[in-house]
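Colleague: File follows, input-v3.txt with compact mmCIF, C-alpha atoms and all ligand atoms:
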# COMPACT_ATOMS: atom_id res chain seq x y z
CA MET A 1 3.10 -1.26 -28.20
CA CYS A 2 4.52 0.82 -25.35
CA ARG A 3 3.93 4.50 -25.76
CA LEU A 4 5.31 7.72 -24.30
CA TYR A 5 3.86 11.18 -24.72
CA VAL A 6 6.22 14.15 -24.86
CA ALA A 7 5.25 17.81 -24.54
CA ASN A 8 7.61 20.71 -25.11
CA GLY A 9 7.27 24.14 -23.57
CA GLN A 10 7.70 26.00 -20.32
CA ASP A 11 4.23 26.21 -18.76
CA ALA A 12 4.12 23.03 -16.67
CA GLY A 13 0.43 23.39 -15.75
CA GLN A 14 -0.68 23.93 -19.33
CA MET A 15 1.51 21.11 -20.65
CA THR A 16 0.08 18.74 -18.02
CA ARG A 17 -3.41 19.51 -19.24
CA GLN A 18 -2.39 19.03 -22.87
CA LEU A 19 -0.94 15.64 -22.01
CA LEU A 20 -4.01 14.52 -20.07
CA GLU A 21 -6.36 15.64 -22.84
CA GLN A 22 -4.33 13.76 -25.43
CA ILE A 23 -4.19 10.59 -23.33
CA GLU A 24 -7.72 10.81 -21.88
CA ILE A 25 -6.49 9.31 -18.65
CA GLU A 26 -10.03 9.13 -17.22
CA GLN A 27 -10.70 6.04 -19.33
CA TYR A 28 -8.42 4.10 -16.94
CA ILE A 29 -9.96 5.42 -13.71
CA GLY A 30 -13.35 4.34 -12.36
CA GLU A 31 -15.68 7.05 -11.08
CA ASN A 32 -15.34 5.88 -7.48
CA ASP A 33 -11.68 4.93 -7.66
CA SER A 34 -9.27 6.50 -5.20
CA VAL A 35 -6.48 8.38 -6.93
CA ALA A 36 -3.19 9.33 -5.24
CA LEU A 37 -0.89 11.94 -6.73
CA LYS A 38 2.74 11.28 -5.79
CA PRO A 39 4.92 14.38 -6.28
CA ASN A 40 8.61 14.63 -5.42
CA LEU A 41 8.85 16.76 -2.26
CA VAL A 42 12.18 15.39 -1.14
CA VAL A 43 13.10 18.62 0.67
CA ALA A 44 11.24 21.73 1.79
CA LYS A 45 12.28 23.89 -1.17
CA THR A 46 10.03 25.52 -3.73
CA PHE A 47 9.92 24.11 -7.26
CA GLN A 48 12.00 27.04 -8.54
CA SER A 49 14.99 25.38 -6.87
CA GLY A 50 14.70 22.47 -9.31
CA ALA A 51 14.29 20.00 -6.42
CA THR A 52 10.52 19.54 -6.09
CA THR A 53 7.43 19.07 -8.20
CA ASN A 54 5.71 22.24 -9.37
CA PRO A 55 2.30 22.43 -7.60
CA ASP A 56 0.79 23.72 -10.88
CA ILE A 57 1.19 20.18 -12.22
CA CYS A 58 -0.79 18.72 -9.32
CA ALA A 59 -3.40 21.46 -9.71
CA ALA A 60 -3.79 20.69 -13.42
CA VAL A 61 -4.27 16.97 -12.71
CA ILE A 62 -6.79 17.62 -9.94
CA GLU A 63 -8.83 20.04 -12.08
CA TYR A 64 -8.80 17.63 -15.02
CA LEU A 65 -9.97 14.71 -12.85
CA PHE A 66 -12.61 16.76 -11.02
CA GLU A 67 -14.07 17.96 -14.35
CA ARG A 68 -14.51 14.29 -15.31
CA GLY A 69 -16.12 13.26 -12.04
CA ARG A 70 -13.05 11.63 -10.46
CA ARG A 71 -13.17 13.42 -7.12
CA ASN A 72 -11.58 10.91 -4.75
CA VAL A 73 -8.11 12.44 -5.02
CA SER A 74 -5.31 12.74 -2.44
CA ILE A 75 -1.65 13.75 -2.49
CA ILE A 76 0.76 11.29 -0.92
CA GLU A 77 4.45 11.74 -0.08
CA SER A 78 7.22 11.46 2.47
CA SER A 79 10.29 13.69 2.31
CA TRP A 80 13.75 12.26 2.78
CA VAL A 81 15.26 11.27 6.11
CA GLY A 82 15.81 14.43 8.16
CA GLU A 83 13.08 16.50 6.49
CA GLY A 84 9.50 16.80 7.76
CA THR A 85 6.91 16.08 5.09
CA ALA A 86 4.52 18.59 6.70
CA ARG A 87 7.17 21.30 6.32
CA ALA A 88 7.73 20.32 2.69
CA PHE A 89 3.97 20.37 1.98
CA LYS A 90 3.83 23.90 3.39
CA VAL A 91 6.96 25.36 1.78
CA CYS A 92 6.29 23.75 -1.62
CA GLY A 93 2.75 25.18 -1.82
CA TYR A 94 0.82 21.95 -1.25
CA ASN A 95 -1.08 23.15 1.83
CA ASP A 96 -2.59 25.92 -0.30
CA LEU A 97 -3.36 23.40 -3.03
CA ALA A 98 -5.08 21.01 -0.61
CA LYS A 99 -7.15 23.84 0.81
CA LYS A 100 -8.16 25.17 -2.59
CA TYR A 101 -9.34 21.82 -3.97
CA GLY A 102 -10.32 20.09 -0.72
CA VAL A 103 -7.92 17.17 -1.24
CA GLU A 104 -6.19 15.28 1.54
CA LEU A 105 -2.43 15.46 2.12
CA VAL A 106 -1.11 12.08 3.25
CA ASP A 107 2.21 12.04 5.11
CA VAL A 108 3.64 8.55 4.62
CA LYS A 109 5.92 9.03 7.65
CA LYS A 110 2.76 8.80 9.78
CA ASP A 111 1.10 6.00 7.82
CA ASP A 112 0.78 2.32 8.77
CA MET A 113 3.08 0.00 6.85
CA VAL A 114 2.42 -3.35 5.20
CA GLU A 115 5.21 -5.82 4.56
CA CYS A 116 5.58 -6.63 0.87
CA GLU A 117 8.03 -9.02 -0.75
CA TYR A 118 9.65 -9.60 -4.10
CA ASP A 119 12.21 -12.35 -4.71
CA GLY A 120 13.23 -12.58 -1.04
CA LEU A 121 13.43 -8.84 -0.36
CA LYS A 122 10.88 -7.70 2.19
CA VAL A 123 9.96 -4.00 2.36
CA ASP A 124 7.47 -2.12 4.53
CA VAL A 125 5.28 -0.11 2.15
CA SER A 126 2.68 2.57 2.92
CA LYS A 127 -0.70 0.95 3.59
CA ARG A 128 -2.49 3.94 2.15
CA ALA A 129 -0.53 3.74 -1.10
CA LEU A 130 -1.17 0.01 -1.42
CA GLU A 131 -4.89 0.52 -0.93
CA THR A 132 -5.09 3.27 -3.55
CA ASP A 133 -6.78 2.28 -6.82
CA TYR A 134 -4.71 4.48 -9.13
CA ILE A 135 -1.33 6.13 -8.44
CA ILE A 136 -0.25 9.03 -10.62
CA ASN A 137 3.47 9.60 -10.17
CA LEU A 138 4.65 13.20 -10.61
CA PRO A 139 8.46 13.15 -10.42
CA LEU A 140 11.04 15.47 -11.90
CA ILE A 141 13.56 14.47 -14.56
CA LYS A 142 16.38 15.14 -12.16
CA GLY A 143 20.04 14.35 -11.57
CA HIS A 144 21.07 12.41 -8.47
CA CYS A 145 24.46 12.43 -6.80
CA GLN A 146 24.41 8.68 -6.15
CA THR A 147 22.17 7.07 -8.77
CA LYS A 148 22.86 9.68 -11.52
CA VAL A 149 19.15 9.95 -12.39
CA THR A 150 15.98 10.15 -10.34
CA CYS A 151 12.59 10.06 -12.04
CA ALA A 152 9.60 7.66 -11.97
CA LEU A 153 11.09 4.49 -10.44
CA LYS A 154 13.07 6.22 -7.71
CA ASN A 155 10.22 8.55 -6.78
CA MET A 156 8.34 5.52 -5.40
CA LYS A 157 10.85 5.52 -2.51
CA GLY A 158 8.64 8.21 -0.98
CA LEU A 159 6.09 5.47 -0.24
CA ILE A 160 8.21 3.65 2.35
CA SER A 161 9.23 4.47 5.92
CA ASP A 162 12.39 6.38 6.88
CA LYS A 163 13.75 3.17 8.37
CA GLU A 164 13.40 1.45 5.02
CA LYS A 165 14.95 4.41 3.20
CA ARG A 166 18.08 4.00 5.35
CA ARG A 167 18.08 0.27 4.67
CA PHE A 168 17.76 0.90 0.91
CA HIS A 169 21.01 2.86 1.05
CA ALA A 170 22.67 0.08 3.04
CA LEU A 171 21.59 -2.32 0.27
CA GLY A 172 23.12 -0.14 -2.42
CA LEU A 173 19.91 1.53 -3.69
CA SER A 174 19.72 -0.06 -7.16
CA LYS A 175 18.26 -3.46 -6.34
CA PRO A 176 15.77 -2.31 -3.67
CA ILE A 177 14.49 0.54 -5.87
CA ALA A 178 13.91 -1.85 -8.77
CA TYR A 179 12.33 -4.48 -6.52
CA LEU A 180 10.10 -1.91 -4.80
CA ASN A 181 8.55 -1.18 -8.19
CA LYS A 182 7.61 -4.86 -8.41
CA MET A 183 5.76 -4.46 -5.10
CA ILE A 184 4.13 -1.12 -5.88
CA CYS A 185 4.42 0.65 -9.21
CA ALA A 186 2.79 3.84 -10.44
CA ASP A 187 -0.16 3.36 -12.77
CA PHE A 188 0.77 6.47 -14.69
CA THR A 189 3.59 9.01 -14.61
CA ILE A 190 3.90 12.62 -15.70
CA ALA A 191 7.53 13.69 -15.34
CA ASP A 192 8.56 17.32 -15.31
CA GLY A 193 11.64 18.76 -16.94
CA THR A 194 10.54 22.39 -17.12
CA CYS A 195 12.42 23.42 -13.98
CA THR A 196 14.74 20.74 -12.68
CA ASP A 197 18.25 20.30 -11.37
CA THR A 198 19.99 17.97 -13.79
CA THR A 199 22.92 17.36 -11.46
CA PHE A 200 21.68 17.22 -7.90
CA GLU A 201 18.49 15.98 -6.24
CA GLU A 202 18.53 18.77 -3.65
CA GLY A 203 18.22 21.50 -6.28
CA GLY A 204 20.12 24.74 -6.55
CA ASN A 205 20.89 24.63 -10.27
CA PRO A 206 17.43 24.78 -11.86
CA THR A 207 17.49 24.07 -15.57
CA ALA A 208 14.70 24.37 -18.14
CA LEU A 209 14.70 21.23 -20.26
CA ASN A 210 11.39 22.47 -21.72
CA THR A 211 10.03 18.94 -21.67
CA MET A 212 7.41 16.84 -19.91
CA ILE A 213 7.03 13.10 -20.45
CA ALA A 214 3.95 10.98 -19.70
CA GLY A 215 3.33 7.26 -19.85
CA SER A 216 2.27 4.14 -18.00
CA ASP A 217 5.59 2.27 -18.24
CA SER A 218 7.94 3.67 -15.56
CA VAL A 219 10.98 1.89 -17.02
CA LEU A 220 10.38 3.23 -20.51
CA LEU A 221 9.79 6.71 -19.17
CA ASP A 222 12.94 6.60 -17.04
CA THR A 223 14.96 5.33 -20.00
CA TYR A 224 13.83 8.35 -22.00
CA ALA A 225 14.54 10.67 -19.04
CA ALA A 226 18.00 9.17 -18.52
CA LYS A 227 18.79 9.70 -22.19
CA MET A 228 17.81 13.35 -21.85
CA LEU A 229 20.33 13.67 -19.01
CA GLY A 230 23.07 12.02 -21.06
CA TYR A 231 22.88 8.49 -19.62
CA CYS A 232 22.01 5.08 -21.01
CA VAL A 233 20.27 2.22 -19.19
CA SER A 234 23.53 0.56 -18.12
CA ASP A 235 24.62 3.80 -16.38
CA VAL A 236 21.64 3.71 -14.02
CA GLY A 237 21.75 0.60 -11.83
CA TYR A 238 18.11 0.45 -10.77
CA LEU A 239 16.89 1.06 -14.31
CA LYS A 240 18.89 -1.86 -15.65
CA ILE A 241 17.59 -4.20 -12.91
CA ALA A 242 14.00 -2.98 -13.29
CA ALA A 243 14.10 -3.80 -17.00
CA GLU A 244 15.62 -7.23 -16.30
CA ILE A 245 12.95 -8.22 -13.76
CA GLY A 246 10.11 -7.02 -15.96
CA VAL A 247 8.91 -3.86 -14.26
CA GLY A 248 8.73 -2.44 -17.78
CA SER A 249 10.56 -2.11 -21.06
CA SER A 250 13.72 -0.09 -21.70
CA ASP A 251 13.42 -0.58 -25.47
CA LEU A 252 12.90 2.95 -26.75
CA HIS A 253 13.37 1.82 -30.37
CA SER A 254 10.25 -0.37 -30.23
CA ALA A 255 8.19 2.24 -28.39
CA GLN A 256 5.96 4.83 -29.94
CA ILE A 257 6.98 8.34 -28.91
CA VAL A 258 4.11 10.76 -29.42
CA HIS A 259 5.17 14.41 -29.56
CA ILE A 260 2.01 16.30 -28.75
CA ASN A 261 3.04 19.82 -29.67
CA SER A 262 6.45 19.97 -31.33
CA GLU A 263 9.45 17.84 -32.14
CA GLN A 264 11.63 16.89 -29.21
CA LYS A 265 14.68 19.11 -29.01
CA ASN A 266 18.04 17.74 -28.02
CA VAL A 267 18.96 18.70 -24.51
CA GLN A 268 22.50 19.67 -23.69
CA VAL A 269 23.17 18.86 -20.06
CA VAL A 270 26.09 20.73 -18.58
CA ARG A 271 28.01 18.90 -15.88
CA ASN A 272 28.73 20.92 -12.77
CA GLY A 273 32.51 21.06 -12.15
CA GLU A 274 32.16 21.98 -8.46
CA LEU A 275 29.88 19.03 -7.88
CA GLU A 276 32.27 16.63 -9.57
CA LYS A 277 35.18 17.98 -7.49
CA ALA A 278 33.23 17.53 -4.23
CA LYS A 279 32.18 14.00 -5.17
CA ALA A 280 35.79 13.06 -5.94
CA LEU A 281 36.75 13.90 -2.34
CA ILE A 282 33.97 11.84 -0.76
CA ARG A 283 34.21 8.15 -0.09
CA GLN A 284 30.74 6.82 0.57
CA ASP A 285 29.41 3.44 1.57
CA SER A 286 25.65 3.10 1.92
CA ALA A 287 25.13 6.79 2.72
CA CYS A 288 21.55 8.05 3.05
CA SER A 289 20.51 10.64 0.45
CA ALA A 290 20.07 13.56 2.86
CA CYS A 291 23.39 12.87 4.59
CA TYR A 292 25.31 12.62 1.32
CA SER A 293 23.58 15.56 -0.26
CA ASN A 294 24.14 17.81 2.77
CA LEU A 295 27.82 16.91 2.68
CA VAL A 296 28.08 17.70 -1.04
CA SER A 297 26.35 21.07 -0.48
CA ALA A 298 28.71 21.94 2.37
CA MET A 299 31.79 20.86 0.40
CA ILE A 300 30.73 23.09 -2.49
CA SER A 301 29.85 26.12 -0.34
CA THR A 302 33.09 25.94 1.66
CA GLY A 303 35.31 24.90 -1.25
CA ALA A 304 36.72 22.21 1.05
CA ASP A 305 39.43 19.96 -0.29
CA LYS A 306 39.37 17.51 2.60
CA GLN A 307 38.75 13.80 2.12
CA VAL A 308 35.57 12.70 3.91
CA ARG A 309 34.05 9.31 4.57
CA ILE A 310 30.30 8.90 4.94
CA GLY A 311 27.70 6.18 5.22
CA GLN A 312 26.37 3.20 7.12
CA GLY A 313 29.24 1.05 5.81
CA PHE A 314 31.63 2.93 8.09
CA ARG A 315 29.80 2.07 11.32
CA GLU A 316 32.18 0.80 14.03
CA MET A 317 35.13 1.59 11.78
CA THR A 318 37.94 4.01 12.47
CA GLY A 319 39.30 6.72 10.19
CA GLU A 320 40.41 10.29 9.99
CA PHE A 321 37.35 12.40 9.19
CA GLY A 322 33.75 11.33 8.79
CA CYS A 323 30.33 12.84 8.29
CA GLY A 324 27.32 11.66 10.31
CA ASP A 325 26.81 9.49 13.39
CA CYS A 326 27.76 6.38 11.40
CA THR A 327 31.37 7.60 11.60
CA LYS A 328 31.34 8.40 15.33
CA ASP A 329 34.37 6.16 15.98
CA PHE A 330 36.54 8.27 13.62
CA ASP A 331 39.21 10.68 14.96
CA ASP A 332 36.92 13.53 13.93
CA TYR A 333 33.36 13.51 12.67
CA VAL A 334 30.31 15.74 12.19
CA GLU A 335 27.53 14.74 14.58
CA GLY A 336 23.97 14.18 13.34
CA CYS A 337 21.83 11.67 11.56
CA PRO A 338 21.86 13.31 9.13
CA PRO A 339 24.00 16.33 10.11
CA SER A 340 22.76 19.67 8.78
CA ILE A 341 24.57 21.53 6.01
CA GLU A 342 25.38 24.29 8.50
CA ASP A 343 26.97 21.85 10.99
CA ILE A 344 29.07 20.29 8.24
CA GLU A 345 30.12 23.73 6.99
CA LYS A 346 31.19 24.71 10.51
CA HIS A 347 33.19 21.55 10.80
CA LEU A 348 34.83 22.12 7.45
CA GLY A 349 35.98 25.50 8.64
CA LYS A 350 33.28 27.97 7.69
CA ALA A 351 31.75 29.68 10.75
S1 LIG B 401 24.54 9.22 9.78
FE1 LIG B 401 23.96 9.60 7.67
S2 LIG B 401 24.43 7.72 6.55
FE2 LIG B 401 24.38 7.23 8.73
S3 LIG B 401 22.27 6.51 9.10
FE3 LIG B 401 22.37 8.71 9.61
S4 LIG B 401 21.71 9.74 7.73
FE4 LIG B 401 22.27 7.63 7.15
What is this file in structure tokens?
Ligand code: SF4

Modeller:
Amino acid sequence: MCRLYVANGQDAGQMTRQLLEQIEIEQYIGENDSVALKPNLVVAKTFQSGATTNPDICAAVIEYLFERGRRNVSIIESSWVGEGTARAFKVCGYNDLAKKYGVELVDVKKDDMVECEYDGLKVDVSKRALETDYIINLPLIKGHCQTKVTCALKNMKGLISDKEKRRFHALGLSKPIAYLNKMICADFTIADGTCTDTTFEEGGNPTALNTMIAGSDSVLLDTYAAKMLGYCVSDVGYLKIAAEIGVGSSDLHSAQIVHINSEQKNVQVVRNGELEKAKALIRQDSACSACYSNLVSAMISTGADKQVRIGQGFREMTGEFGCGDCTKDFDDYVEGCPPSIEDIEKHLGKA
């Protein structure tokens, strides 16, 4: 039977340890196995923003593994297109973590790639990740302006090149994310909802869901996470496809949910009106995450009510106003690939 472990509380480091002690994860990891921790460091913002993984979670996993003789541990990640992973490691507290525990930080943007394939889709995947014996995924239970939810399955996108990330958006995100998890899937996931933005992957509206979820089935875990954010499987394209192609099970009714410290509390997710207004003004076609997210941020901060087109689908097309180099043939557009929030704000009328 598939099983998920749920911890309630606010101390992410302590809850991580409680989960690991309950699960005894070391039974699945050989003494000489290489272990890669895969946080979500999509942007260079501290975890208090609700955008990135709390380093206390990584620290708790490292300490737990070290105490049980599993010392071959690294941290692997690549931030989104337009953000330097090295900057994110530094700002998010991972340089200090690496120094303290003597673990390696692996920047996937600098890694060699290996072509993998599932059902005709070829994707270049990080060689280092593929060669790792055991991947522990450490995502947030977070909202996403395009896919609605980002958690375990989508966090694996940090193990491909920037070129592939752009292509994923051109392919509509859902199918490539699901297929990627057929090529490389986390062995275990601990997802954090103690400080997360339930509306936006770039953070800014941190919310305490007081929950962490752990399990080995990424689909099951994401189904639970989606439910917490007010969505069902059919609302989240990649989740539906991942269940259909057998990455895991979305059947929460047949799963065993183990509450390790208290009963799960219902979570009331409040939708952000400003975000919804901005999204209603944007027409996107295959827009990269950073590009889209920067535009949404700028629309919210300026209160713009202008219609904007964005994305790779608008290349070589004409139009009134676009965002990003993909819309360079428009009458007016914001330069950059992706353009910065500040540049978009200036263009929208805020100096
Ligand atoms: S301009 Fe934006 S949507 Fe186009 S490729 Fe660059 S980042 Fe992606």

Colleague: Would you list the residues that come within 10 Å of ligand LIG 401 (chain B)? Count all atoms listed in the file and give the answer as a ChimeraX atom specification.

Modeller: /A:80-82,162-163,165-167,169-170,284-295,309-315,322-328,334-339

Colleague: At a cut-off of 12 Å around the point (-5.9, 19.3, -20.9) (file coordinates), what residues fall inside when counting all atoms listed in the file? I'd like the answer as a VMD selection string.

Modeller: chain A and resid 7 12 to 26 57 59 to 65 67 to 68 260

Colleague: Write the residues of the preceding selection, restricted to C-alpha atoms, as a PDB file, keeping the file's coordinate frame.

Modeller:
ATOM      1  CA  ALA A   7       5.250  17.810 -24.540  1.00  0.00           C
ATOM      2  CA  ALA A  12       4.120  23.030 -16.670  1.00  0.00           C
ATOM      3  CA  GLY A  13       0.430  23.390 -15.750  1.00  0.00           C
ATOM      4  CA  GLN A  14      -0.680  23.930 -19.330  1.00  0.00           C
ATOM      5  CA  MET A  15       1.510  21.110 -20.650  1.00  0.00           C
ATOM      6  CA  THR A  16       0.080  18.740 -18.020  1.00  0.00           C
ATOM      7  CA  ARG A  17      -3.410  19.510 -19.240  1.00  0.00           C
ATOM      8  CA  GLN A  18      -2.390  19.030 -22.870  1.00  0.00           C
ATOM      9  CA  LEU A  19      -0.940  15.640 -22.010  1.00  0.00           C
ATOM     10  CA  LEU A  20      -4.010  14.520 -20.070  1.00  0.00           C
ATOM     11  CA  GLU A  21      -6.360  15.640 -22.840  1.00  0.00           C
ATOM     12  CA  GLN A  22      -4.330  13.760 -25.430  1.00  0.00           C
ATOM     13  CA  ILE A  23      -4.190  10.590 -23.330  1.00  0.00           C
ATOM     14  CA  GLU A  24      -7.720  10.810 -21.880  1.00  0.00           C
ATOM     15  CA  ILE A  25      -6.490   9.310 -18.650  1.00  0.00           C
ATOM     16  CA  GLU A  26     -10.030   9.130 -17.220  1.00  0.00           C
ATOM     17  CA  ILE A  57       1.190  20.180 -12.220  1.00  0.00           C
ATOM     18  CA  ALA A  59      -3.400  21.460  -9.710  1.00  0.00           C
ATOM     19  CA  ALA A  60      -3.790  20.690 -13.420  1.00  0.00           C
ATOM     20  CA  VAL A  61      -4.270  16.970 -12.710  1.00  0.00           C
ATOM     21  CA  ILE A  62      -6.790  17.620  -9.940  1.00  0.00           C
ATOM     22  CA  GLU A  63      -8.830  20.040 -12.080  1.00  0.00           C
ATOM     23  CA  TYR A  64      -8.800  17.630 -15.020  1.00  0.00           C
ATOM     24  CA  LEU A  65      -9.970  14.710 -12.850  1.00  0.00           C
ATOM     25  CA  GLU A  67     -14.070  17.960 -14.350  1.00  0.00           C
ATOM     26  CA  ARG A  68     -14.510  14.290 -15.310  1.00  0.00           C
ATOM     27  CA  ILE A 260       2.010  16.300 -28.750  1.00  0.00           C
TER      28      ILE A 260
END

Colleague: Rounded to one decimal place, report the CA of Val296 in chain A-CA of Gln146 in chain A distance in Å.

Modeller: 11.0 Å

Colleague: CA of Val258 in chain A and CA of Gly237 in chain A are how many Å apart?

Modeller: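 According to the coordinates, CA of Val258 in chain A and CA of Gly237 in chain A are separated by 26.9 Å.
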
Colleague: Which distance in Å separates CA of Lys240 in chain A and CA of Cys58 in chain A, to one decimal?

Modeller: 29.2 Å

Colleague: Ranking A:Thr199, A:Thr194, A:Gln307, A:Asn8 by minimum distance to Gly230 in chain A and counting all atoms listed in the file, which one comes first?

Modeller: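 For Gly230 in chain A, the nearest of the given residues is A:Thr199.
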
Colleague: A:Glu164, A:Lys127, A:Ala152, A:Lys277: which is nearest Gly215 in chain A, counting only C-alpha atoms?

Modeller: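 Looking at the shortest contact to Gly215 in chain A, the residue is A:Ala152.
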
Colleague: Please determine, counting only C-alpha atoms, which residue among A:Ile76, A:Cys116, A:Ile141, A:Ile341 has the shortest atom-to-atom distance to Leu229 in chain A.

Modeller: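 Of the candidates, the smallest distance to Leu229 in chain A is held by A:Ile141.
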
Colleague: Please write as a list of chain:residue names the list of polymer residues whose atoms come within 10 Å of (11.9, 3.1, -28.2), counting only C-alpha atoms and keeping to the coordinates of the file.

Modeller: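 Here is the list of nearby residues: A:Met1, A:Cys2, A:Arg3, A:Leu4, A:Leu220, A:Leu221, A:Thr223, A:Tyr224, A:Ser249, A:Ser250, A:Asp251, A:Leu252, A:His253, A:Ser254, A:Ala255, A:Gln256, A:Ile257.
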
Colleague: Would you kindly return, as a list of chain:residue names, each protein, DNA or RNA residue with an atom no farther than 7 Å from any atom of Thr198 in chain A, considering all atoms listed in the file and excluding same-chain residues fewer than 6 positions away?

Modeller: A:Lys142, A:Gly143, A:Thr207, A:Leu229

Colleague: Write the residues you've just listed into a file as an mmCIF file, in the coordinates of the input, and include C-alpha atoms for each of them.

Modeller:
data_model
loop_
_atom_site.group_PDB
_atom_site.id
_atom_site.type_symbol
_atom_site.label_atom_id
_atom_site.label_comp_id
_atom_site.auth_asym_id
_atom_site.auth_seq_id
_atom_site.Cartn_x
_atom_site.Cartn_y
_atom_site.Cartn_z
ATOM 1 C CA LYS A 142 16.380 15.140 -12.160
ATOM 2 C CA GLY A 143 20.040 14.350 -11.570
ATOM 3 C CA THR A 207 17.490 24.070 -15.570
ATOM 4 C CA LEU A 229 20.330 13.670 -19.010
#

Colleague: Out of A:Val308, A:Cys195, A:Glu345, A:Asn261, which residue has the shortest atom-to-atom distance to Thr46 in chain A when counting all atoms listed in the file?

Modeller: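 Using all atoms listed in the file, Thr46 in chain A sits closest to A:Cys195.
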
Colleague: Excluding same-chain residues fewer than 2 positions from range 29-40 of chain A, what lies within 9 Å of it counting only C-alpha atoms, as a ChimeraX atom specification?

Modeller: /A:25-27,42-43,51-55,58,61-62,68-79,129,131-140,151,155-156,158-159,186

Colleague: Produce the centre coordinates and the three edge lengths, each in Å to one decimal, of the box along x, y and z that contains all listed atoms of range 137-140 of chain A with 4 Å added on each side, as JSON.

Modeller:
{"center_x": 7.3, "center_y": 12.5, "center_z": -11.0, "size_x": 15.6, "size_y": 13.9, "size_z": 9.7}

Colleague: Counting only C-alpha atoms, what is within 10 Å of Arg128 in chain A, bar same-chain residues fewer than 6 positions away, as a ChimeraX atom specification?

Modeller: /A:36,76,106-108,111-114,159

Colleague: Would you list the contacts of Ala44 in chain A as a list in words, taking every protein, DNA or RNA residue within 9 Å and counting only C-alpha atoms, but skipping same-chain residues closer than 5 positions in sequence?

Modeller: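 Those residues are Ala51, Thr52, Ser79, Glu83, Gly84, Thr85, Ala86, Arg87, Ala88, Phe89, Lys90, Val91 and Cys92 of chain A.
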
Colleague: Name the closest residue to Leu130 in chain A among the candidates A:Leu171, A:Ala278, A:Ile184, A:Val236; distances are taken between atoms, counting only C-alpha atoms.

Modeller: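 Using only C-alpha atoms, the shortest distance to Leu130 in chain A belongs to A:Ile184.
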
Colleague: Show which residues sit within 10 Å of Lys306 in chain A, as number ranges by chain. Count all atoms listed in the file, and ignore same-chain residues fewer than 3 positions away.

Modeller: A: 278, 281-282, 299, 303, 309, 321, 348

Colleague: Out of A:Cys232, A:Ala191, A:Ala242, A:Cys145, which residue has the shortest atom-to-atom distance to Pro176 in chain A when counting only C-alpha atoms?

Modeller: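 Among A:Cys232, A:Ala191, A:Ala242, A:Cys145, it is A:Ala242 that comes nearest to Pro176 in chain A.
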